[in-house]
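Colleague: Structure file work.pdb (PDB, N, CA and C atoms) is given on the next line.
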ATOM      1  N   MET B   1     -18.864   9.487  -0.235  1.00  0.00           N
ATOM      2  CA  MET B   1     -18.086   8.382  -0.785  1.00  0.00           C
ATOM      3  C   MET B   1     -16.689   8.894  -1.130  1.00  0.00           C
ATOM      4  N   MET B   2     -15.684   8.091  -0.824  1.00  0.00           N
ATOM      5  CA  MET B   2     -14.308   8.494  -1.090  1.00  0.00           C
ATOM      6  C   MET B   2     -13.962   8.263  -2.554  1.00  0.00           C
ATOM      7  N   SER B   3     -13.056   9.091  -3.048  1.00  0.00           N
ATOM      8  CA  SER B   3     -12.608   8.952  -4.436  1.00  0.00           C
ATOM      9  C   SER B   3     -11.555   7.847  -4.532  1.00  0.00           C
ATOM     10  N   CYS B   4     -11.265   7.447  -5.752  1.00  0.00           N
ATOM     11  CA  CYS B   4     -10.229   6.432  -5.966  1.00  0.00           C
ATOM     12  C   CYS B   4      -8.885   6.920  -5.440  1.00  0.00           C
ATOM     13  N   LYS B   5      -8.584   8.185  -5.651  1.00  0.00           N
ATOM     14  CA  LYS B   5      -7.314   8.740  -5.169  1.00  0.00           C
ATOM     15  C   LYS B   5      -7.235   8.639  -3.645  1.00  0.00           C
ATOM     16  N   GLU B   6      -8.316   8.954  -2.962  1.00  0.00           N
ATOM     17  CA  GLU B   6      -8.335   8.865  -1.499  1.00  0.00           C
ATOM     18  C   GLU B   6      -8.161   7.416  -1.044  1.00  0.00           C
ATOM     19  N   TRP B   7      -8.834   6.473  -1.716  1.00  0.00           N
ATOM     20  CA  TRP B   7      -8.684   5.066  -1.355  1.00  0.00           C
ATOM     21  C   TRP B   7      -7.265   4.590  -1.620  1.00  0.00           C
ATOM     22  N   ALA B   8      -6.660   5.050  -2.695  1.00  0.00           N
ATOM     23  CA  ALA B   8      -5.279   4.668  -3.001  1.00  0.00           C
ATOM     24  C   ALA B   8      -4.347   5.117  -1.884  1.00  0.00           C
ATOM     25  N   GLU B   9      -4.555   6.316  -1.382  1.00  0.00           N
ATOM     26  CA  GLU B   9      -3.736   6.816  -0.283  1.00  0.00           C
ATOM     27  C   GLU B   9      -3.955   5.996   0.983  1.00  0.00           C
ATOM     28  N   VAL B  10      -5.186   5.631   1.247  1.00  0.00           N
ATOM     29  CA  VAL B  10      -5.496   4.804   2.421  1.00  0.00           C
ATOM     30  C   VAL B  10      -4.800   3.444   2.296  1.00  0.00           C
ATOM     31  N   MET B  11      -4.902   2.829   1.124  1.00  0.00           N
ATOM     32  CA  MET B  11      -4.294   1.504   0.931  1.00  0.00           C
ATOM     33  C   MET B  11      -2.776   1.578   1.039  1.00  0.00           C
ATOM     34  N   ALA B  12      -2.179   2.624   0.504  1.00  0.00           N
ATOM     35  CA  ALA B  12      -0.720   2.751   0.528  1.00  0.00           C
ATOM     36  C   ALA B  12      -0.191   3.089   1.917  1.00  0.00           C
ATOM     37  N   SER B  13      -1.016   3.709   2.739  1.00  0.00           N
ATOM     38  CA  SER B  13      -0.559   4.144   4.064  1.00  0.00           C
ATOM     39  C   SER B  13      -0.228   2.972   4.971  1.00  0.00           C
ATOM     40  N   GLY B  14      -0.926   1.862   4.775  1.00  0.00           N
ATOM     41  CA  GLY B  14      -0.691   0.708   5.630  1.00  0.00           C
ATOM     42  C   GLY B  14      -1.338   0.814   7.001  1.00  0.00           C
ATOM     43  N   HIS B  15      -2.090   1.887   7.252  1.00  0.00           N
ATOM     44  CA  HIS B  15      -2.763   2.046   8.541  1.00  0.00           C
ATOM     45  C   HIS B  15      -3.898   1.034   8.670  1.00  0.00           C
ATOM     46  N   GLU B  16      -4.117   0.609   9.883  1.00  0.00           N
ATOM     47  CA  GLU B  16      -5.207  -0.329  10.161  1.00  0.00           C
ATOM     48  C   GLU B  16      -6.537   0.404  10.008  1.00  0.00           C
ATOM     49  N   LEU B  17      -7.489  -0.237   9.346  1.00  0.00           N
ATOM     50  CA  LEU B  17      -8.800   0.360   9.124  1.00  0.00           C
ATOM     51  C   LEU B  17      -9.813  -0.208  10.109  1.00  0.00           C
ATOM     52  N   THR B  18     -10.825   0.593  10.404  1.00  0.00           N
ATOM     53  CA  THR B  18     -11.918   0.103  11.234  1.00  0.00           C
ATOM     54  C   THR B  18     -12.686  -0.949  10.434  1.00  0.00           C
ATOM     55  N   ALA B  19     -13.475  -1.736  11.104  1.00  0.00           N
ATOM     56  CA  ALA B  19     -14.267  -2.766  10.426  1.00  0.00           C
ATOM     57  C   ALA B  19     -15.192  -2.129   9.384  1.00  0.00           C
ATOM     58  N   TYR B  20     -15.766  -0.990   9.711  1.00  0.00           N
ATOM     59  CA  TYR B  20     -16.666  -0.298   8.780  1.00  0.00           C
ATOM     60  C   TYR B  20     -15.911   0.140   7.525  1.00  0.00           C
ATOM     61  N   ARG B  21     -14.745   0.755   7.712  1.00  0.00           N
ATOM     62  CA  ARG B  21     -13.973   1.228   6.556  1.00  0.00           C
ATOM     63  C   ARG B  21     -13.466   0.063   5.719  1.00  0.00           C
ATOM     64  N   LYS B  22     -13.124  -1.059   6.362  1.00  0.00           N
ATOM     65  CA  LYS B  22     -12.719  -2.245   5.608  1.00  0.00           C
ATOM     66  C   LYS B  22     -13.860  -2.717   4.715  1.00  0.00           C
ATOM     67  N   MET B  23     -15.067  -2.704   5.261  1.00  0.00           N
ATOM     68  CA  MET B  23     -16.234  -3.136   4.500  1.00  0.00           C
ATOM     69  C   MET B  23     -16.470  -2.201   3.306  1.00  0.00           C
ATOM     70  N   ILE B  24     -16.375  -0.903   3.537  1.00  0.00           N
ATOM     71  CA  ILE B  24     -16.571   0.071   2.462  1.00  0.00           C
ATOM     72  C   ILE B  24     -15.476  -0.085   1.406  1.00  0.00           C
ATOM     73  N   LEU B  25     -14.234  -0.306   1.841  1.00  0.00           N
ATOM     74  CA  LEU B  25     -13.143  -0.516   0.895  1.00  0.00           C
ATOM     75  C   LEU B  25     -13.388  -1.770   0.064  1.00  0.00           C
ATOM     76  N   ARG B  26     -13.795  -2.854   0.691  1.00  0.00           N
ATOM     77  CA  ARG B  26     -14.084  -4.083  -0.056  1.00  0.00           C
ATOM     78  C   ARG B  26     -15.153  -3.854  -1.115  1.00  0.00           C
ATOM     79  N   PHE B  27     -16.187  -3.111  -0.744  1.00  0.00           N
ATOM     80  CA  PHE B  27     -17.242  -2.798  -1.711  1.00  0.00           C
ATOM     81  C   PHE B  27     -16.663  -1.981  -2.861  1.00  0.00           C
ATOM     82  N   HIS B  28     -15.859  -0.975  -2.537  1.00  0.00           N
ATOM     83  CA  HIS B  28     -15.252  -0.140  -3.580  1.00  0.00           C
ATOM     84  C   HIS B  28     -14.409  -1.003  -4.518  1.00  0.00           C
ATOM     85  N   LEU B  29     -13.643  -1.925  -3.947  1.00  0.00           N
ATOM     86  CA  LEU B  29     -12.784  -2.783  -4.774  1.00  0.00           C
ATOM     87  C   LEU B  29     -13.603  -3.695  -5.688  1.00  0.00           C
ATOM     88  N   LEU B  30     -14.789  -4.077  -5.244  1.00  0.00           N
ATOM     89  CA  LEU B  30     -15.662  -4.904  -6.079  1.00  0.00           C
ATOM     90  C   LEU B  30     -16.173  -4.157  -7.312  1.00  0.00           C
ATOM     91  N   ILE B  31     -16.406  -2.858  -7.136  1.00  0.00           N
ATOM     92  CA  ILE B  31     -16.983  -2.086  -8.245  1.00  0.00           C
ATOM     93  C   ILE B  31     -15.939  -1.267  -9.007  1.00  0.00           C
ATOM     94  N   CYS B  32     -14.677  -1.315  -8.558  1.00  0.00           N
ATOM     95  CA  CYS B  32     -13.644  -0.496  -9.188  1.00  0.00           C
ATOM     96  C   CYS B  32     -12.412  -1.355  -9.522  1.00  0.00           C
ATOM     97  N   PRO B  33     -12.400  -1.969 -10.706  1.00  0.00           N
ATOM     98  CA  PRO B  33     -11.262  -2.816 -11.084  1.00  0.00           C
ATOM     99  C   PRO B  33      -9.893  -2.122 -11.024  1.00  0.00           C
ATOM    100  N   PRO B  34      -9.767  -0.839 -11.395  1.00  0.00           N
ATOM    101  CA  PRO B  34      -8.446  -0.212 -11.285  1.00  0.00           C
ATOM    102  C   PRO B  34      -7.928  -0.157  -9.842  1.00  0.00           C
ATOM    103  N   CYS B  35      -8.802   0.120  -8.899  1.00  0.00           N
ATOM    104  CA  CYS B  35      -8.380   0.149  -7.489  1.00  0.00           C
ATOM    105  C   CYS B  35      -8.033  -1.253  -7.000  1.00  0.00           C
ATOM    106  N   ALA B  36      -8.791  -2.252  -7.446  1.00  0.00           N
ATOM    107  CA  ALA B  36      -8.489  -3.632  -7.067  1.00  0.00           C
ATOM    108  C   ALA B  36      -7.124  -4.034  -7.608  1.00  0.00           C
ATOM    109  N   LYS B  37      -6.830  -3.634  -8.823  1.00  0.00           N
ATOM    110  CA  LYS B  37      -5.530  -3.936  -9.424  1.00  0.00           C
ATOM    111  C   LYS B  37      -4.418  -3.209  -8.665  1.00  0.00           C
ATOM    112  N   TYR B  38      -4.667  -1.950  -8.303  1.00  0.00           N
ATOM    113  CA  TYR B  38      -3.698  -1.170  -7.541  1.00  0.00           C
ATOM    114  C   TYR B  38      -3.406  -1.851  -6.204  1.00  0.00           C
ATOM    115  N   ARG B  39      -4.455  -2.320  -5.523  1.00  0.00           N
ATOM    116  CA  ARG B  39      -4.266  -2.991  -4.233  1.00  0.00           C
ATOM    117  C   ARG B  39      -3.411  -4.248  -4.410  1.00  0.00           C
ATOM    118  N   GLU B  40      -3.653  -5.002  -5.450  1.00  0.00           N
ATOM    119  CA  GLU B  40      -2.862  -6.204  -5.708  1.00  0.00           C
ATOM    120  C   GLU B  40      -1.409  -5.828  -5.998  1.00  0.00           C
ATOM    121  N   HIS B  41      -1.194  -4.765  -6.756  1.00  0.00           N
ATOM    122  CA  HIS B  41       0.172  -4.313  -7.033  1.00  0.00           C
ATOM    123  C   HIS B  41       0.880  -3.889  -5.748  1.00  0.00           C
ATOM    124  N   LEU B  42       0.160  -3.205  -4.860  1.00  0.00           N
ATOM    125  CA  LEU B  42       0.747  -2.824  -3.576  1.00  0.00           C
ATOM    126  C   LEU B  42       1.144  -4.055  -2.770  1.00  0.00           C
ATOM    127  N   ARG B  43       0.279  -5.056  -2.766  1.00  0.00           N
ATOM    128  CA  ARG B  43       0.566  -6.282  -2.013  1.00  0.00           C
ATOM    129  C   ARG B  43       1.833  -6.938  -2.550  1.00  0.00           C
ATOM    130  N   ILE B  44       1.959  -7.036  -3.862  1.00  0.00           N
ATOM    131  CA  ILE B  44       3.131  -7.651  -4.484  1.00  0.00           C
ATOM    132  C   ILE B  44       4.381  -6.820  -4.191  1.00  0.00           C
ATOM    133  N   LEU B  45       4.252  -5.503  -4.309  1.00  0.00           N
ATOM    134  CA  LEU B  45       5.385  -4.615  -4.059  1.00  0.00           C
ATOM    135  C   LEU B  45       5.871  -4.723  -2.616  1.00  0.00           C
ATOM    136  N   LYS B  46       4.947  -4.693  -1.665  1.00  0.00           N
ATOM    137  CA  LYS B  46       5.338  -4.790  -0.259  1.00  0.00           C
ATOM    138  C   LYS B  46       6.004  -6.129   0.043  1.00  0.00           C
ATOM    139  N   ALA B  47       5.509  -7.197  -0.560  1.00  0.00           N
ATOM    140  CA  ALA B  47       6.133  -8.515  -0.359  1.00  0.00           C
ATOM    141  C   ALA B  47       7.551  -8.522  -0.943  1.00  0.00           C
ATOM    142  N   ALA B  48       7.722  -7.906  -2.108  1.00  0.00           N
ATOM    143  CA  ALA B  48       9.048  -7.843  -2.729  1.00  0.00           C
ATOM    144  C   ALA B  48      10.007  -7.006  -1.887  1.00  0.00           C
ATOM    145  N   ILE B  49       9.512  -5.912  -1.340  1.00  0.00           N
ATOM    146  CA  ILE B  49      10.355  -5.067  -0.487  1.00  0.00           C
ATOM    147  C   ILE B  49      10.778  -5.838   0.749  1.00  0.00           C
ATOM    148  N   ARG B  50       9.835  -6.537   1.387  1.00  0.00           N
ATOM    149  CA  ARG B  50      10.182  -7.327   2.582  1.00  0.00           C
ATOM    150  C   ARG B  50      11.218  -8.390   2.251  1.00  0.00           C
ATOM    151  N   LYS B  51      11.050  -9.054   1.109  1.00  0.00           N
ATOM    152  CA  LYS B  51      11.994 -10.088   0.704  1.00  0.00           C
ATOM    153  C   LYS B  51      13.375  -9.484   0.452  1.00  0.00           C
ATOM    154  N   PHE B  52      13.407  -8.341  -0.234  1.00  0.00           N
ATOM    155  CA  PHE B  52      14.668  -7.661  -0.505  1.00  0.00           C
ATOM    156  C   PHE B  52      15.349  -7.249   0.797  1.00  0.00           C
ATOM    157  N   LEU B  53      14.577  -6.646   1.692  1.00  0.00           N
ATOM    158  CA  LEU B  53      15.159  -6.161   2.948  1.00  0.00           C
ATOM    159  C   LEU B  53      15.602  -7.295   3.852  1.00  0.00           C
ATOM    160  N   ALA B  54      14.987  -8.451   3.720  1.00  0.00           N
ATOM    161  CA  ALA B  54      15.379  -9.596   4.542  1.00  0.00           C
ATOM    162  C   ALA B  54      16.806 -10.029   4.221  1.00  0.00           C
ATOM    163  N   GLY B  55      17.256  -9.789   2.997  1.00  0.00           N
ATOM    164  CA  GLY B  55      18.599 -10.175   2.592  1.00  0.00           C
ATOM    165  C   GLY B  55      19.645  -9.108   2.866  1.00  0.00           C
ATOM    166  N   GLN B  56      19.220  -7.978   3.396  1.00  0.00           N
ATOM    167  CA  GLN B  56      20.134  -6.874   3.664  1.00  0.00           C
ATOM    168  C   GLN B  56      20.707  -6.982   5.073  1.00  0.00           C
ATOM    169  N   PRO B  57      21.862  -6.347   5.283  1.00  0.00           N
ATOM    170  CA  PRO B  57      22.370  -6.277   6.655  1.00  0.00           C
ATOM    171  C   PRO B  57      21.297  -5.653   7.541  1.00  0.00           C
ATOM    172  N   SER B  58      21.389  -5.890   8.783  1.00  0.00           N
ATOM    173  CA  SER B  58      20.358  -5.425   9.717  1.00  0.00           C
ATOM    174  C   SER B  58      20.052  -3.947   9.552  1.00  0.00           C
ATOM    175  N   LEU B  59      18.793  -3.676   9.311  1.00  0.00           N
ATOM    176  CA  LEU B  59      18.293  -2.312   9.259  1.00  0.00           C
ATOM    177  C   LEU B  59      17.414  -2.097  10.476  1.00  0.00           C
ATOM    178  N   SER B  60      17.455  -0.902  11.006  1.00  0.00           N
ATOM    179  CA  SER B  60      16.549  -0.607  12.104  1.00  0.00           C
ATOM    180  C   SER B  60      15.136  -0.540  11.543  1.00  0.00           C
ATOM    181  N   GLU B  61      14.173  -0.653  12.411  1.00  0.00           N
ATOM    182  CA  GLU B  61      12.770  -0.564  11.986  1.00  0.00           C
ATOM    183  C   GLU B  61      12.519   0.789  11.321  1.00  0.00           C
ATOM    184  N   GLU B  62      13.115   1.838  11.860  1.00  0.00           N
ATOM    185  CA  GLU B  62      12.949   3.179  11.296  1.00  0.00           C
ATOM    186  C   GLU B  62      13.536   3.261   9.885  1.00  0.00           C
ATOM    187  N   GLU B  63      14.715   2.689   9.682  1.00  0.00           N
ATOM    188  CA  GLU B  63      15.345   2.692   8.358  1.00  0.00           C
ATOM    189  C   GLU B  63      14.535   1.886   7.357  1.00  0.00           C
ATOM    190  N   ARG B  64      14.042   0.720   7.790  1.00  0.00           N
ATOM    191  CA  ARG B  64      13.229  -0.125   6.920  1.00  0.00           C
ATOM    192  C   ARG B  64      11.960   0.597   6.495  1.00  0.00           C
ATOM    193  N   LYS B  65      11.277   1.232   7.454  1.00  0.00           N
ATOM    194  CA  LYS B  65      10.032   1.944   7.169  1.00  0.00           C
ATOM    195  C   LYS B  65      10.299   3.130   6.238  1.00  0.00           C
ATOM    196  N   LYS B  66      11.388   3.856   6.475  1.00  0.00           N
ATOM    197  CA  LYS B  66      11.729   5.006   5.635  1.00  0.00           C
ATOM    198  C   LYS B  66      11.991   4.559   4.197  1.00  0.00           C
ATOM    199  N   LEU B  67      12.706   3.456   4.035  1.00  0.00           N
ATOM    200  CA  LEU B  67      12.992   2.931   2.704  1.00  0.00           C
ATOM    201  C   LEU B  67      11.714   2.492   1.999  1.00  0.00           C
ATOM    202  N   GLU B  68      10.876   1.749   2.695  1.00  0.00           N
ATOM    203  CA  GLU B  68       9.611   1.283   2.112  1.00  0.00           C
ATOM    204  C   GLU B  68       8.721   2.457   1.729  1.00  0.00           C
ATOM    205  N   ASP B  69       8.595   3.443   2.617  1.00  0.00           N
ATOM    206  CA  ASP B  69       7.762   4.614   2.327  1.00  0.00           C
ATOM    207  C   ASP B  69       8.303   5.391   1.130  1.00  0.00           C
ATOM    208  N   GLY B  70       9.626   5.504   1.029  1.00  0.00           N
ATOM    209  CA  GLY B  70      10.238   6.212  -0.089  1.00  0.00           C
ATOM    210  C   GLY B  70       9.941   5.544  -1.416  1.00  0.00           C
ATOM    211  N   ILE B  71       9.995   4.221  -1.432  1.00  0.00           N
ATOM    212  CA  ILE B  71       9.711   3.482  -2.666  1.00  0.00           C
ATOM    213  C   ILE B  71       8.260   3.683  -3.079  1.00  0.00           C
ATOM    214  N   ILE B  72       7.359   3.555  -2.132  1.00  0.00           N
ATOM    215  CA  ILE B  72       5.932   3.715  -2.438  1.00  0.00           C
ATOM    216  C   ILE B  72       5.632   5.151  -2.861  1.00  0.00           C
ATOM    217  N   GLU B  73       6.265   6.133  -2.210  1.00  0.00           N
ATOM    218  CA  GLU B  73       6.060   7.535  -2.580  1.00  0.00           C
ATOM    219  C   GLU B  73       6.515   7.797  -4.015  1.00  0.00           C
ATOM    220  N   ARG B  74       7.649   7.239  -4.405  1.00  0.00           N
ATOM    221  CA  ARG B  74       8.130   7.418  -5.771  1.00  0.00           C
ATOM    222  C   ARG B  74       7.159   6.813  -6.778  1.00  0.00           C
ATOM    223  N   LEU B  75       6.600   5.675  -6.446  1.00  0.00           N
ATOM    224  CA  LEU B  75       5.625   5.055  -7.340  1.00  0.00           C
ATOM    225  C   LEU B  75       4.389   5.933  -7.498  1.00  0.00           C
ATOM    226  N   HIS B  76       3.944   6.551  -6.411  1.00  0.00           N
ATOM    227  CA  HIS B  76       2.795   7.461  -6.488  1.00  0.00           C
ATOM    228  C   HIS B  76       3.119   8.639  -7.393  1.00  0.00           C
ATOM    229  N   GLU B  77       4.322   9.163  -7.295  1.00  0.00           N
ATOM    230  CA  GLU B  77       4.730  10.306  -8.121  1.00  0.00           C
ATOM    231  C   GLU B  77       4.723   9.954  -9.598  1.00  0.00           C
ATOM    232  N   GLN B  78       5.058   8.705  -9.911  1.00  0.00           N
ATOM    233  CA  GLN B  78       5.123   8.276 -11.302  1.00  0.00           C
ATOM    234  C   GLN B  78       3.754   7.935 -11.875  1.00  0.00           C
ATOM    235  N   GLY B  79       2.760   7.913 -11.015  1.00  0.00           N
ATOM    236  CA  GLY B  79       1.406   7.680 -11.520  1.00  0.00           C
ATOM    237  C   GLY B  79       1.004   6.297 -11.275  1.00  0.00           C
TER     238      GLY B  79
END
The structure given in the file should be rewritten as structure tokens.
Modeller:
Amino acid sequence: MMSCKEWAEVMASGHELTAYRKMILRFHLLICPPCAKYREHLRILKAAIRKFLAGQPSLSEEERKKLEDGIIERLHEQG
């Protein structure tokens, strides 16, 4: 079984999960309120970043991804 820290990294990565891993993650979120809250915070943060970047002059996909990853990385560092 994966730890909360490992699941947090998986959720923050944005990588597509297999159907099996999605099912296991859903189960983990049902029994772990802090991880469920973290996932909701990530969803809100990513939506805010997309909204912010939509109002910016054209950024390349690489620049947008680098900015988004940097913001999420800083949040991880802060706990």
Colleague: Name all residues at most 8 Å from region 63-70 of chain B (count all atoms listed in the file; drop same-chain ones fewer than 3 positions away) and give them as a count of residues only.
Modeller: 11
Colleague: Check what the PyMOL selection byres (((chain B and resi 2 and name CA) around 12) and name CA) selects in the file above and give those residues as a PyMOL selection string.
Modeller: chain B and resi 1+3-10+21+24-25+27-29
Colleague: Atom N of Ile72 (chain B) to CA of Ala12 (chain B): how many Å, to one decimal?
Modeller: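 Taking atom N of Ile72 (chain B) and CA of Ala12 (chain B), their separation equals 8.5 Å.
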Colleague: For Leu42 (chain B), which residue among B:Gln78, B:Met11, B:Tyr20, B:Glu61 is the nearest when counting all atoms listed in the file?
Modeller: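 Checking each of B:Gln78, B:Met11, B:Tyr20, B:Glu61 against Leu42 (chain B), counting all atoms listed in the file, the winner is B:Met11.
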Colleague: Using atom N of Thr18 (chain B) and atom N of Ala48 (chain B) as the two end points, give the distance in Å to one decimal.
Modeller: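 We find that atom N of Thr18 (chain B) and atom N of Ala48 (chain B) lie 23.9 Å from each other.
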Colleague: As an exercise, work out the distance from atom C of Pro34 (chain B) to atom N of Gly55 (chain B) in Å and give it to one decimal place.
Modeller: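 Value for the atom C of Pro34 (chain B)-atom N of Gly55 (chain B) distance: 29.9 Å.
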Colleague: Hey, could you pull the box centre and edge lengths for region 36-52 of chain B, axis-aligned, 3 Å padding per side, all listed atoms, to one decimal in Å, as JSON?
Modeller:
{"center_x": 3.3, "center_y": -5.6, "center_z": -3.4, "size_x": 30.1, "size_y": 14.9, "size_z": 18.0}
Colleague: Output as a PyMOL selection string all residues of chain B that backbone DSSP marks as alpha helix (DSSP H).
Modeller: chain B and resi 4-13+19-31+33-54+61-78
